[in-house]
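Take a look at the structure below.
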Amino acid sequence: MSEPAAQSLGQAGSRLSRRKLLKAGGALIVGFAFAGQATAAPAAATARGTLAGPPDPERIDTWLAIHADNTATLYFGKCELGQGNTTGLLQIAGEELDLAMSQMAAVRLDTNVTPDQQATSSSSSIERGGPQVRAAAAEARQALLLRASQKLGVQVGSLVVAKGVVSIDGEPNRSVTYGELIGDKPFAIKFTGTAPRKPPSQYKLVGTRVPRVDIPDKVAGKYVHMQHVRVANMLHGRVVRPRGQRAYGSGAKVKDLDEGSIAHIPGARVVRRGDFVGVVAEREWDAIRAAKELKIAWQDPPLLPEQPHLPIVLRDAQSTDTVVVNVGNVDAGFAGAAHVASARFFSPYQAHAVFGPNCALADVKADGALVLSSTQDVYASRKMLATLLGMPDERVRVQYYEGSGTYGHSCYEDAPQAAAIMSQAVGRPVRVQFMRWDELGWDNYGPAQVAAVRAAVDDDGNIIAYTYDGWQHGWHTDETSTELALQKTPPERSAGSFSIIVNRMSTGSMYRIANRRVTSHAVPMAGLLKGSPLRSPLDMALSFASEQTIDELAFAVKMDPFEFRRKNMGDTRWLGVLEAVAKAASWIPAPAASRRSHAEIVTGRGIAVGTHHVSYGAAVAEIEVNTRSGTIVAKRLYGALDCGLAVNPALVENQIVGMLVQATSRMLKEEVTFDHNGVTSLDWASYPVLRFAEHPDCTPIVVQRIDEPSSGAGEEVMGAAGAAIANAFFDATGARLRQYPLTPERVRAALAGRNTGN
């Protein structure tokens with residue numbers, strides 16, 4: 001399906017009623033071809049769809065097109081995951097172009113159409129993608145004003161622009177539109193590097209609460225998600241794997257397979273390549289039946305460690321050590337301390353747990369392939385698919401369709417690779433939909449971590465020494481479908497972007513500490529579970545350990561936790577979010593655990609700070625603890641975020657609320673379980689998440705800094721929120737929990753230990 005066809009699909013989707021969609025079983029039947037025509041599509045867009053990308057990022061036409069009706073189409077390489085970045089990027093472009101939101105539209109990501117802006121990850125859409133869009137829009141505006149000056153016979157400095165109408169300042173009747181200047185023709189020029197950007201003082205669109213452009217169709221049931229898409233002559237596919245992944249590196253090796261066991265299912269067929277096994281059928285239910293009824297035996301895998309022993313396994317593993325921070329003399333600092341707090345903490349494997357399991361559709365032919373998926377990086381996905389299919393990159397085309405919320409690297413690459421393997425084998429388009437047990441059991445989990453934290457204060461309450469040691473493994477390199485199909489042991493990554501280094505930002509950097517050392521211990525992933533980025537990678541673990549230790553120092557010197565942090569803050573922006581969240585929560589200073597009661601249900605408040613990369617986050621949590629049952633209920637959370645220039649404060653507020661809710665779920669409920677043979681948390685009963693009725697009331701606070709560059713806003717309050725809940729538990733009970741999730745069983749054990757003095 002060409003880019004014009006993709007664009008026309010969006011228009012068709014907006015005309016499809018929810019009633020009709022439901023009558024069709026929730027599916028949208030679309031055209032599916034390597035090239036296509038859509039008469040309503042702009043000519044420039046039609047030309048783009050015929051050649052493999054990425055287009056030249058130094059050309060204005062790569063980023064935008066102006067149409068004869070005085071509207072614009074924007075092309076960018078950051079996908080809409082539900083975070084609203086499409087709206088924010090359009091605001092950035094509209095600000096520089098002096099266009100209204102109603103005059104602009106964006107197209108879905110496509111390796112034949114959109115530029116390569118790398119993965120939509122690490123909260124990078126606005127921070128890293130925005131400057132490119134801003135620069136392109138400014139260059140286009142400069143080129144259009146030059147044309148307008150020639151047409152109107154005045155200097156550029158005499159022109160003003162409003163909604164794409166260029167007029168002479170003071171003579172509004174002498175005007176020309178962008179569409180009249182260039183409509184549907186290419187700019188055909190490269191960036192000059194001289195185009196001025198608007199100063200923040202002149203912003204009219206950026207910094208405002210523009211409604212999200214994707215919400216109306218989503219509310220009306222018209223939005224086309226990946227799971228809705230169907231194509232002609234399509235087969236339905238399912239993967240066949242053991243229920244729950246085994247030890248990383250061992251794959252799932254087929255011992256015996258009886259293809260005849262599904263002969264009674266009409267049209268069902270087994271697809272096998274190496275150890276990859278799938279089934280296809282004309283009807284989806286038949287594919288589900290075939291996957292369930294196929295007789296297959298698997299070789300016994302290497303054993304996983306006992307889950308309760310995982311912290312010891314991580315701590316005792318041979319590690320590759322990196323000293324991330326080493327300032328001052330920590331030994332001397334601890335030697336002069338009045339109080340020292342020291343403890344070990346454990347954070348579990350956690351799943352992406354997408355509500356709608358991943359889905360993809362592939363049509364592989366001898367001379368090329370077209371794949372529709374929910375990848376967060378269409379160009380990286382293309383390269384992986386090309387390698388798997390044995391084709392040049394340029395013969396594979398990948399188009400993005402939004403799926404369910406994914407919160408990091410879920411199975412969104414695994415599903416399209418499975419679809420591509422099956423389509424190549426059967427010679428027809430194949431739609432692969434993962435089942436719940438596929439998604440939860442073969443996810444790429446957020447890695448577990450063991451942390452050892454030690455910190456000290458002097459008699460005046462100043463933090464004088466701090467150490468953080470973290471043991472964790474890195475992220476996977478190959479998707480499960482590729483690993484199984486090629487029957488190769490995936491390589492380990494001990495360095496670079498696929499390894500996890502303890503984040504210096506979340507481990508004491510916000511405080512004035514003269515003596516500080518942070519050490520990252522990378523352990524092998526082989527023999528454990530497959531790891532990958534999960535929203536705010538590792539930062540919940542870091543803040544859970546670090547901020548509880550900071551709280552213990554405050555307790556030792558009998559200071560209020562907020563006042564102690566404020567006293568020791570070493571940066572005005574960290575201080576800004578700390579004070580903003582305390583003010584919003586009407587924080588009343590008092591030492592932690594000073595208002596404990598002996599009631600069955602007790603309450604507590606906690607405060608913490610943390611981040612992901614370069615933004616600044618703080619949170620306050622108010623909780624209730626049932627001391628009899630051990631149940632914790634998060635009643636209210638406050639989250640403050642300074643992400644520099646918030647292009648759209650409403651989008652940032654939405655992200656803060658989402659972070660607060662998800663952090664609560666991960667802190668109270670979520671943990672991947674496994675036995676010697678594999679993962680056992682395969683459904684919502686064995687991997688519970690926070691239900692709608694359980695989520696806290698949330699108050700988001702955006703600390704707007706319009707003169708600062710934009711930075712990440714999708715992950716940076718997670719760590720602070722989780723740590724605030726843990727600190728609130730101590731405030732309520734006087735007991736510390738050093739492992740999450742904070743389950744009723746762990747709460748009861750902690751309270752029993754407190755009561756016995758242990």
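Naming works like this for the structure tokens: A, B, ... for the chains as they're shown, residue 1 at the start of each chain, ligands 1 onward in shown order.
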Set out as a Markdown table a contact list for segment 288-405 of chain A and segment 440-454 of chain A with a cut-off of 8 Å, giving each residue of segment 288-405 of chain A that qualifies its closest atom pair and distance in Å to one decimal, counting only C-alpha atoms, ordered by chain and rising residue number.
| residue | atom | partner | partner_atom | distance |
| --- | --- | --- | --- | --- |
| A:Pro311 | CA | A:Val450 | CA | 6.0 |
| A:Leu314 | CA | A:Val450 | CA | 6.9 |
| A:Arg315 | CA | A:Val450 | CA | 6.7 |
| A:Val340 | CA | A:Arg454 | CA | 7.1 |
| A:Ala341 | CA | A:Arg454 | CA | 5.6 |
| A:Ser342 | CA | A:Arg454 | CA | 4.3 |
| A:Ala343 | CA | A:Val453 | CA | 5.7 |
| A:Arg344 | CA | A:Ala452 | CA | 4.4 |
| A:Phe345 | CA | A:Ala451 | CA | 5.1 |
| A:Phe346 | CA | A:Val450 | CA | 4.7 |
| A:Ser347 | CA | A:Gln449 | CA | 5.2 |
| A:Pro348 | CA | A:Ala448 | CA | 4.4 |
| A:Tyr349 | CA | A:Ala448 | CA | 4.6 |
| A:Gln350 | CA | A:Gly446 | CA | 5.2 |
| A:Ala351 | CA | A:Tyr445 | CA | 4.9 |
| A:His352 | CA | A:Tyr445 | CA | 6.8 |
| A:Ala353 | CA | A:Leu440 | CA | 6.2 |
Emit the selected residues as a tab-separated table (two decimals), in the first residue's frame, including N, CA and C atoms.
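Once everything was written out, this is result_18.tsv:
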chain	number	residue	atom	x	y	z
A	311	PRO	N	17.80	-12.30	43.19
A	311	PRO	CA	18.71	-11.24	43.67
A	311	PRO	C	20.13	-11.75	43.92
A	314	LEU	N	21.91	-12.37	40.49
A	314	LEU	CA	22.37	-11.11	39.89
A	314	LEU	C	23.60	-10.58	40.62
A	315	ARG	N	23.54	-10.60	41.93
A	315	ARG	CA	24.62	-10.02	42.73
A	315	ARG	C	25.92	-10.81	42.58
A	340	VAL	N	24.74	7.26	59.00
A	340	VAL	CA	24.89	6.54	57.73
A	340	VAL	C	23.66	5.67	57.52
A	341	ALA	N	23.10	5.72	56.33
A	341	ALA	CA	22.01	4.84	55.93
A	341	ALA	C	22.53	3.91	54.85
A	342	SER	N	22.25	2.62	54.99
A	342	SER	CA	22.77	1.64	54.05
A	342	SER	C	21.79	0.49	53.92
A	343	ALA	N	21.52	0.07	52.69
A	343	ALA	CA	20.58	-1.04	52.50
A	343	ALA	C	20.71	-1.58	51.07
A	344	ARG	N	20.15	-2.79	50.87
A	344	ARG	CA	20.04	-3.38	49.54
A	344	ARG	C	18.57	-3.41	49.14
A	345	PHE	N	18.35	-3.26	47.85
A	345	PHE	CA	17.00	-3.19	47.31
A	345	PHE	C	16.91	-4.12	46.10
A	346	PHE	N	15.70	-4.59	45.83
A	346	PHE	CA	15.49	-5.44	44.66
A	346	PHE	C	14.26	-4.99	43.89
A	347	SER	N	14.44	-4.92	42.57
A	347	SER	CA	13.34	-4.56	41.66
A	347	SER	C	13.17	-5.71	40.67
A	348	PRO	N	11.93	-6.14	40.40
A	348	PRO	CA	11.71	-7.37	39.64
A	348	PRO	C	11.68	-7.14	38.13
A	349	TYR	N	11.64	-8.25	37.39
A	349	TYR	CA	11.26	-8.16	35.99
A	349	TYR	C	9.82	-7.68	35.92
A	350	GLN	N	9.55	-6.76	34.99
A	350	GLN	CA	8.18	-6.32	34.75
A	350	GLN	C	7.90	-6.31	33.26
A	351	ALA	N	6.64	-6.54	32.91
A	351	ALA	CA	6.24	-6.69	31.52
A	351	ALA	C	5.69	-5.39	30.95
A	352	HIS	N	5.70	-5.28	29.63
A	352	HIS	CA	5.06	-4.14	28.97
A	352	HIS	C	3.55	-4.25	29.08
A	353	ALA	N	3.05	-5.49	29.07
A	353	ALA	CA	1.64	-5.77	29.36
A	353	ALA	C	0.69	-4.89	28.57
Neighbour list for Leu304 of chain A as a VMD selection string, cut-off 7 Å, only C-alpha atoms, skip fewer than 3 positions in-chain: chain A and resid 247 527 to 528 675 to 678
With C-alpha atoms retained, write the just-selected residues as a short mmCIF file (atom, residue, chain, number, x, y, z; two decimals), in the first residue's frame.
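Contents of part-v6.cif, freshly written:
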data_model
loop_
_atom_site.label_atom_id
_atom_site.label_comp_id
_atom_site.auth_asym_id
_atom_site.auth_seq_id
_atom_site.Cartn_x
_atom_site.Cartn_y
_atom_site.Cartn_z
CA ALA A 247 16.11 -19.07 29.77
CA GLY A 527 20.25 -18.00 31.47
CA LEU A 528 17.86 -15.31 32.73
CA ASP A 675 9.78 -21.36 37.56
CA HIS A 676 12.72 -23.49 36.45
CA ASN A 677 11.19 -24.08 33.02
CA GLY A 678 9.91 -20.65 32.03
#
Which one is closest to Thr480 of chain A: A:Cys411, A:Val426, A:Ala726, A:Ala195? Count only C-alpha atoms. A:Cys411
Non-local contacts of Pro131 of chain A (12 Å; only C-alpha atoms; under 5 positions in same chain excluded) as an NGL selection string: :A and (76 or 88-89 or 92-93 or 96 or 117 or 124-126 or 136-138 or 197 or 647 or 709-711)
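With only C-alpha atoms as the atoms that count, the minimum distance from Phe187 of chain A to the choices A:Pro688, A:Arg230, A:Arg147, A:Asn358 is reached by A:Arg147.
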If we count only C-alpha atoms, what is near Arg754 of chain A at a cut-off of 10 Å, once residues fewer than 4 positions away on the same chain are taken out, given as a PyMOL selection string? chain A and resi 733-736+748-750+758
Write the residues of the preceding selection, restricted to N, CA, C and O atoms, as a short mmCIF file (atom, residue, chain, number, x, y, z; two decimals), in the first residue's frame.
data_model
loop_
_atom_site.label_atom_id
_atom_site.label_comp_id
_atom_site.auth_asym_id
_atom_site.auth_seq_id
_atom_site.Cartn_x
_atom_site.Cartn_y
_atom_site.Cartn_z
N THR A 733 3.64 3.51 58.45
CA THR A 733 3.83 2.32 59.28
C THR A 733 5.13 2.30 60.08
O THR A 733 5.25 1.52 61.04
N GLY A 734 6.11 3.11 59.70
CA GLY A 734 7.41 3.03 60.35
C GLY A 734 8.24 1.85 59.90
O GLY A 734 9.29 1.55 60.49
N ALA A 735 7.80 1.16 58.85
CA ALA A 735 8.54 0.02 58.31
C ALA A 735 8.98 0.32 56.88
O ALA A 735 8.31 1.07 56.16
N ARG A 736 10.09 -0.27 56.49
CA ARG A 736 10.61 -0.08 55.14
C ARG A 736 10.39 -1.35 54.31
O ARG A 736 10.57 -2.47 54.81
N ARG A 748 2.60 -7.46 55.05
CA ARG A 748 2.37 -8.15 56.33
C ARG A 748 3.69 -8.62 56.94
O ARG A 748 3.89 -8.53 58.16
N ALA A 749 4.60 -9.10 56.09
CA ALA A 749 5.89 -9.55 56.61
C ALA A 749 6.68 -8.38 57.19
O ALA A 749 7.33 -8.51 58.25
N ALA A 750 6.65 -7.23 56.51
CA ALA A 750 7.37 -6.06 57.00
C ALA A 750 6.80 -5.58 58.33
O ALA A 750 7.54 -5.20 59.25
N ASN A 758 12.62 -6.91 64.26
CA ASN A 758 13.57 -7.38 63.24
C ASN A 758 13.69 -6.39 62.11
O ASN A 758 12.77 -5.68 61.81
#
Using only C-alpha atoms, pick whichever of A:Lys558, A:Arg666, A:Arg243, A:Arg272 has the shortest atom-to-atom distance to Leu257 of chain A. A:Arg272
Quick one: residues within 12 Å of Asp571 of chain A, only C-alpha atoms, excluding same-chain residues fewer than 3 positions away - as an MDAnalysis selection string? chainID A and resid 505 508:513 565:568 574:578 616
Produce a file of the selected residues containing C-alpha atoms, as a compact mmCIF listing (two decimals), in the first residue's frame.
# COMPACT_ATOMS: atom_id res chain seq x y z
CA MET A 505 20.79 11.64 36.99
CA GLY A 508 22.06 11.50 43.87
CA SER A 509 22.84 14.06 41.15
CA MET A 510 20.12 16.42 42.33
CA TYR A 511 21.76 16.94 45.72
CA ARG A 512 24.92 18.79 46.73
CA ILE A 513 27.15 15.83 47.60
CA ARG A 565 15.63 17.59 50.30
CA ARG A 566 15.21 21.32 49.88
CA LYS A 567 18.18 21.94 52.17
CA ASN A 568 20.39 19.62 50.14
CA TRP A 574 15.31 20.32 40.77
CA LEU A 575 14.31 22.69 43.53
CA GLY A 576 11.60 24.08 41.27
CA VAL A 577 9.81 20.75 40.79
CA LEU A 578 10.27 19.80 44.44
CA TYR A 616 13.25 17.06 36.28
Env of segment 404-406 of chain A: 12 Å cut, atoms = only C-alpha atoms, seq-sep filter 3 positions within chain, self excluded. Answer as a count of residues only. 39
Taking into account only C-alpha atoms, which residue in the set A:Gln417, A:Gln739, A:Gln118, A:Ser167 is nearest to Tyr379 of chain A?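 Nearest to Tyr379 of chain A: A:Gln118.
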In terms of the shortest atom-to-atom distance over only C-alpha atoms, which of A:Lys255, A:Arg141, A:Lys151, A:His309 is closest to Phe674 of chain A?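 Ranked by minimum distance to Phe674 of chain A, first place goes to A:His309.
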Neighbour list for Asp478 of chain A as number ranges by chain, cut-off 7 Å, only C-alpha atoms, skip fewer than 4 positions in-chain: A: 482-483, 490
In Å, with one decimal, what is the gap from atom CA of Val609 of chain A to atom CA of Asp539 of chain A?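 Result for atom CA of Val609 of chain A versus atom CA of Asp539 of chain A: 11.0 Å, one decimal.
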Pick from A:Gly179, A:Gly274, A:Gly753, A:Pro266 nearest to Ala287 of chain A, counting only C-alpha atoms: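 Checking each of A:Gly179, A:Gly274, A:Gly753, A:Pro266 against Ala287 of chain A, counting only C-alpha atoms, the winner is A:Pro266.
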Record the distance separating atom CA of Asp258 of chain A and atom CA of Gln433 of chain A, expressed in Å with one decimal. 22.9 Å
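Between atom CA of Gly368 of chain A and atom CA of Glu479 of chain A lies a distance of 21.2 Å.
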